[in-house]
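K.L.:
Quick one: this structure, given as structure tokens, is what I'll be asking you about.
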There are 4 protein chains.
Amino acid sequence: MQVIITAVGPDNRGLADPIVHYVTGQGANIAEIQMYDHDEERVFAMLLRVELPADRYAALKDAMQQIGAETRLAIRVWSPDERAARPRLAICTTFRPEPALALLRAVRDGRIKAESAVMIGNRPNCRALAEQFSIEWHDIGDAKGTADDDRLIALCDEYSVDYIILARYMRILPPASCWKYAGGRIINLHHGLLPSFPGMRPYHAAYACRMLTYGCTCHFIVPDLDAGNQIINQSTFTVPPGMPLADIIRLGQEDNEPTCLVEGVRRVVDREVKLHFHRVVATNVGRHHT
Amino acid sequence: MQVIITAVGPDNRGLADPIVHYVTGQGANIAEIQMYDHDEERVFAMLLRVELPADRYAALKDAMQQIGAETRLAIRVWSPDERAARPRLAICTTFRPEPALALLRAVRDGRIKAESAVMIGNRPNCRALAEQFSIEWHDIGDAKGTADDDRLIALCDEYSVDYIILARYMRILPPASCWKYAGGRIINLHHGLLPSFPGMRPYHAAYACRMLTYGCTCHFIVPDLDAGNQIINQSTFTVPPGMPLADIIRLGQEDNEPTCLVEGVRRVVDREVKLHFHRVVATNVGRHHT
Amino acid sequence: MQVIITAVGPDNRGLADPIVHYVTGQGANIAEIQMYDHDEERVFAMLLRVELPADRYAALKDAMQQIGAETRLAIRVWSPDERAARPRLAICTTFRPEPALALLRAVRDGRIKAESAVMIGNRPNCRALAEQFSIEWHDIGDAKGTADDDRLIALCDEYSVDYIILARYMRILPPASCWKYAGGRIINLHHGLLPSFPGMRPYHAAYACRMLTYGCTCHFIVPDLDAGNQIINQSTFTVPPGMPLADIIRLGQEDNEPTCLVEGVRRVVDREVKLHFHRVVATNVGRHHT
Amino acid sequence: MQVIITAVGPDNRGLADPIVHYVTGQGANIAEIQMYDHDEERVFAMLLRVELPADRYAALKDAMQQIGAETRLAIRVWSPDERAARPRLAICTTFRPEPALALLRAVRDGRIKAESAVMIGNRPNCRALAEQFSIEWHDIGDAKGTADDDRLIALCDEYSVDYIILARYMRILPPASCWKYAGGRIINLHHGLLPSFPGMRPYHAAYACRMLTYGCTCHFIVPDLDAGNQIINQSTFTVPPGMPLADIIRLGQEDNEPTCLVEGVRRVVDREVKLHFHRVVATNVGRHHT
């Protein structure tokens, strides 16, 4: 059984020791360890991916909870195998409804074998979408749209979320949030082709280059690393010379972005891809390897 | 009648004066002037685009020939209107035959309303292609593939070429050649998405970024300027995670690149686009503006 | 005598013809022509650099004024030779006073052989500086700091300014303003190393790369072109690992930036450098060529 | 006592377990773990940085040697504290002798408190330098300059080298070599400003941008990561407009690069900086923090 343990704490001392000590003592095989220490932001974190006999999973969760209580560390234990048949999604939005709508439909129609567990927004714009699909909605933004980052993670915990889907959620997750759900659990839709067009206005940036190709990118969020190496899916469309920017953006937002996100989430939920040492790799169960 | 005059000479003195003087004296309207002066390379050049009554075109050509003879300037006069119904193409190649082959077929089948006037290579690889389509072939490369740049231009002159198509021609044209056929007459196929992936190995560069989107770009060559702002057409395709680079390159070379070039050349030949002050603009006759 | 003519108008028809026709008729040698046509912004412009017998300069100015009146074109005639001994500077500022202060002192002390003709700000911050040096001050900003771009050019005309110095003036000049004073008359201080660190926060950008070298750039503003090719002077300083960003910015603003601007303006005023076909070239009178 | 353990092996199974198990069993505090797994290159690696009571260092080395023998892993144990007073340097070169010469002089004169243990080249060019300073020389290149990467590491092991200095060594170390001496033991001199000017010809690249500032960068080599975030020292110089590239390169190679490398190595040897979670941090003993 594959198990991912994440730990985040306020300082570096003793972060790794008790967890690693317990895990190796239980005969788990360590498949991956990543650590992170950034003094300036006071975030110290570890990702531990292990192979464990399934009958020890419950004991591991208990032990980690106890270590967390003793050490002030925020420790989370998760296994992609636990709810593999029907993982639970948190769908996060800001302004644009199209990608979230496409995702909700794909889940409803069984094209994505998952459960839409909760919708979270830092703006109220997509609230009606949640109501339409009878999904609980939480607004974590203040009047200016500033998000309560801790509340987002608390909600994902509360709803036992497996994957956090950032469906044109326009806030940057802080490193601590990324680490808490590290290991390939946060999936973002960026409305430009990565790595060429990062930033908040990728349509404008590509247009300024007078490009005739526009695209978007569905990728895992990896803390402390540039996005671009963790691409799950990309979609593109081309336009004729002279098409105005407003038309291009409309084509992208209404058609290309939703399609890209749905296929990206499907690949993760169907476990055709996974995050492995900061890179997306195709798994054997995927259609391209059978 | 739109007329483009290019002049290239070894120094800056008196380059513009006689030509501009004659043209303004003939009542032509100046639509665009571009000048270029690069001491280090000893290339001084001018592009002059004018509107002229059609009955003065022959006299203009004579006058320019005379000025060229008197001043040691290499002066060329060209009008896109002259052979608008069936412009003549020079198709230049190096190794890969696919884009040239697709272009030759499109011309043969009337999808591109042009004439394949001559094929030019700096490598003998595509010679058989010329034979297959009964087009005259000229090898301008030495044993190492180094191209005789002056010979390329001389051949285009000799065959009365309207447009030079660089169909995976892997040599960089020197500024003097670019200026001699300036004004939207040189069309290149680059096997990566511009401006993100220039260079000789764009597939490798995009793959190193772990992208899932690959593309190519058909663009006008503009002397002394970065490519990327002169895009005529772009085509893309996406691949699933885990596809090996060799497979990606094969998809790109055999399918995506030929398609991109054919549509790009068609846009130019059908005069849906033109080069206007270093930028590609859609013309009124194009399908998107009617 | 070298003369620079700039013309800016609302459309493309007849922009070049009357000016070019007059100039070539007067026996002037054309050294450089640049034209610009951007439909989207409705700015059509031309730069004409000619060599003219000095005794025809006054007549040329009259003729251009008359053409401008007849054609609605904004035409300006300028010669760097006219006030070569003591050119007049407009010093434009926003928040930071240090570069302007250094420049004012260098002019006062004769290290820069020029005259501080006027100070212009889009924020009132540097008003006291103008008072201290008894220079007329004009605030062209509204309450939000938005600049009246036309007023800036009108003031430069009114004060017969030869060179516009953007001494940490934090607004972008529109293309029309750049063209009106084209030909190497607008000098900007950018607080980062170009072309690597453009943008509004170059110190932050370099710090995010964990660089230990910081710098700034004095360059000519060239309309419609990326800055970076028109560099007049660059200054750098290095810091030890671990220096906080605030300290780095202070070192840059208080010491490095003022030094860079003063030397850059000196090079232009002493005519060691000039703008030639979008590039900075060293002139023969410069210290490095004698 | 700070101890760095590196392990490199041909596959991923059991790479971390025995080492981590032993170390945590000995009461060592884990300060940092980094793991790396790249299927395509068949390189699997781990860096483990621990705090250990000094009296257990010898036992740790024995245990790791034994684990290495049993598991086919290439395991190395190193402590910066062991030869802190006089660490041993391997100086690697290709063509340019200046940086190596400056380093050898600084060591000889006691400005760098280290020992020049061995010189290694993939070209014979700097052999005379080794002879002049009576240092053993090893040529690891074939007739084309292709380096025997394993031989380089074997030599560093044989000479008990603490730090590998790449003094204009123009070959790229493969990931396996980088991991074997990971943890801040490989110091490179790059002849351009990072991250703006990577590549083999940074002088040419900056010159093509018409920059007036040139620089170089002394940085730690970190496997699998872009250089630029691990900068130890940068040096720059500025040139007047018009200086030919050949003169610029000469200034850089003969003066700027050697100065930069000597100060960079001094900072490491004097332990003013160290590599900490892929970043260079200033230590308390450094001059800027006392």
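Identifiers in the structure tokens: chain A, B, ... in order shown; residue index from 1 per chain; ligand index from 1 in order shown.
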May I have the residues within 7 Å of region 240-247 of chain A as a list of chain:residue names, using only C-alpha atoms and disregarding those fewer than 6 positions away in the same chain?
P.N.:
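Within the cut-off, the hits are A:Tyr207, A:Leu212, B:Ile232, B:Val281, B:Ala282.
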K.L.:
Using only N, CA and C atoms, please write the residues we just selected to a file, as a PDB file, in the first residue's frame.
P.N.:
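Output file result_0.pdb is given in full below:
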```
ATOM      1  N   TYR A 207      -0.533  37.124 -26.798  1.00  0.00           N
ATOM      2  CA  TYR A 207      -1.026  38.039 -27.837  1.00  0.00           C
ATOM      3  C   TYR A 207       0.020  39.117 -28.139  1.00  0.00           C
ATOM      4  N   LEU A 212      -0.240  32.856 -32.754  1.00  0.00           N
ATOM      5  CA  LEU A 212      -1.503  32.373 -33.299  1.00  0.00           C
ATOM      6  C   LEU A 212      -1.933  31.084 -32.602  1.00  0.00           C
TER       7      LEU A 212
ATOM      8  N   ILE B 232       2.584  33.639 -39.475  1.00  0.00           N
ATOM      9  CA  ILE B 232       1.524  33.459 -40.465  1.00  0.00           C
ATOM     10  C   ILE B 232       0.591  32.333 -40.047  1.00  0.00           C
ATOM     11  N   VAL B 281      -0.464  41.245 -40.982  1.00  0.00           N
ATOM     12  CA  VAL B 281      -1.834  41.732 -40.836  1.00  0.00           C
ATOM     13  C   VAL B 281      -2.726  40.954 -41.794  1.00  0.00           C
ATOM     14  N   ALA B 282      -3.970  40.790 -41.350  1.00  0.00           N
ATOM     15  CA  ALA B 282      -4.954  40.150 -42.210  1.00  0.00           C
ATOM     16  C   ALA B 282      -5.459  41.184 -43.210  1.00  0.00           C
TER      17      ALA B 282
END
```
K.L.:
Extract, using only C-alpha atoms, all DNA, RNA and protein residues at most 9 Å from Gln253 (chain C), discarding same-chain residues fewer than 6 positions from it, and format them as a list in words.
P.N.:
Arg96, Glu98, Pro99 and His191 of chain C
K.L.:
Just the selected residues (N, CA, C and O atoms), exported as an mmCIF file, in the first residue's frame, please.
P.N.:
```
data_model
loop_
_atom_site.group_PDB
_atom_site.id
_atom_site.type_symbol
_atom_site.label_atom_id
_atom_site.label_comp_id
_atom_site.auth_asym_id
_atom_site.auth_seq_id
_atom_site.Cartn_x
_atom_site.Cartn_y
_atom_site.Cartn_z
ATOM 1 N N ARG C 96 11.528 58.948 -6.398
ATOM 2 C CA ARG C 96 12.899 58.965 -5.895
ATOM 3 C C ARG C 96 13.615 60.236 -6.319
ATOM 4 O O ARG C 96 13.669 60.575 -7.498
ATOM 5 N N GLU C 98 17.024 60.862 -5.728
ATOM 6 C CA GLU C 98 18.488 60.759 -5.777
ATOM 7 C C GLU C 98 19.068 60.952 -7.175
ATOM 8 O O GLU C 98 20.033 61.726 -7.337
ATOM 9 N N PRO C 99 18.556 60.267 -8.200
ATOM 10 C CA PRO C 99 19.187 60.459 -9.522
ATOM 11 C C PRO C 99 19.055 61.890 -10.025
ATOM 12 O O PRO C 99 20.009 62.444 -10.581
ATOM 13 N N HIS C 191 16.096 51.004 -13.149
ATOM 14 C CA HIS C 191 16.779 50.586 -11.924
ATOM 15 C C HIS C 191 17.089 49.093 -11.880
ATOM 16 O O HIS C 191 17.205 48.514 -10.793
#
```
K.L.:
Could you write out as a VMD selection string the residues of chain A within 8 Å of chain D, counting only C-alpha atoms?
P.N.:
chain A and resid 12 to 14 16 to 17 20 to 21 24 to 25 29 to 37 277
K.L.:
Run DSSP on the backbone and grab whatever in region 124-250 of chain B lands in helix (DSSP H, G or I); send it over as an MDAnalysis selection string.
P.N.:
chainID B and resid 124:132 149:158 175:180 202:208 245:250
K.L.:
Given only C-alpha atoms as the basis, pick out the residue of C:Ser177, C:Thr236, C:Thr6, C:Asn188 nearest to Gly264 (chain C).
P.N.:
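With only C-alpha atoms as the atom set, the closest residue is C:Asn188.
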K.L.:
Using CA of Ala74 (chain A) and CA of Asp62 (chain A) as the two end points, give the distance in Å to one decimal.
P.N.:
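Pair CA of Ala74 (chain A) / CA of Asp62 (chain A) returns 13.7 Å.
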K.L.:
Set the distance at 12 Å and use only C-alpha atoms: which residues neighbour Ser160 (chain C) once local chain neighbours fewer than 4 positions away are removed? I'd like the list as a PyMOL selection string.
P.N.:
chain C and resi 76-79+82-83+87-90+115-118+153-156+164+181
K.L.:
Using only C-alpha atoms, find the one residue out of B:Cys126, B:Met200, B:Ala84, B:Ile19 that sits nearest to Lys61 (chain B).
P.N.:
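Answer, going by the shortest atom-to-atom distance: B:Ile19.
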K.L.:
State, in Å with one decimal place, the distance from CA of Ala182 (chain A) to CA of Asp162 (chain A).
P.N.:
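For CA of Ala182 (chain A) relative to CA of Asp162 (chain A), the distance reads 11.0 Å.
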K.L.:
In Å to one decimal, how far is CA of Leu60 (chain A) from CA of Arg267 (chain A)?
P.N.:
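About the pair CA of Arg267 (chain A) and CA of Leu60 (chain A): they are 28.7 Å apart.
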K.L.:
Just want the 10 Å neighbourhood of Ile248 (chain B), counted on only C-alpha atoms, with same-chain residues fewer than 6 positions away dropped. Output as an NGL selection string.
P.N.:
:B and (203-204 or 207 or 212-214 or 237-239)
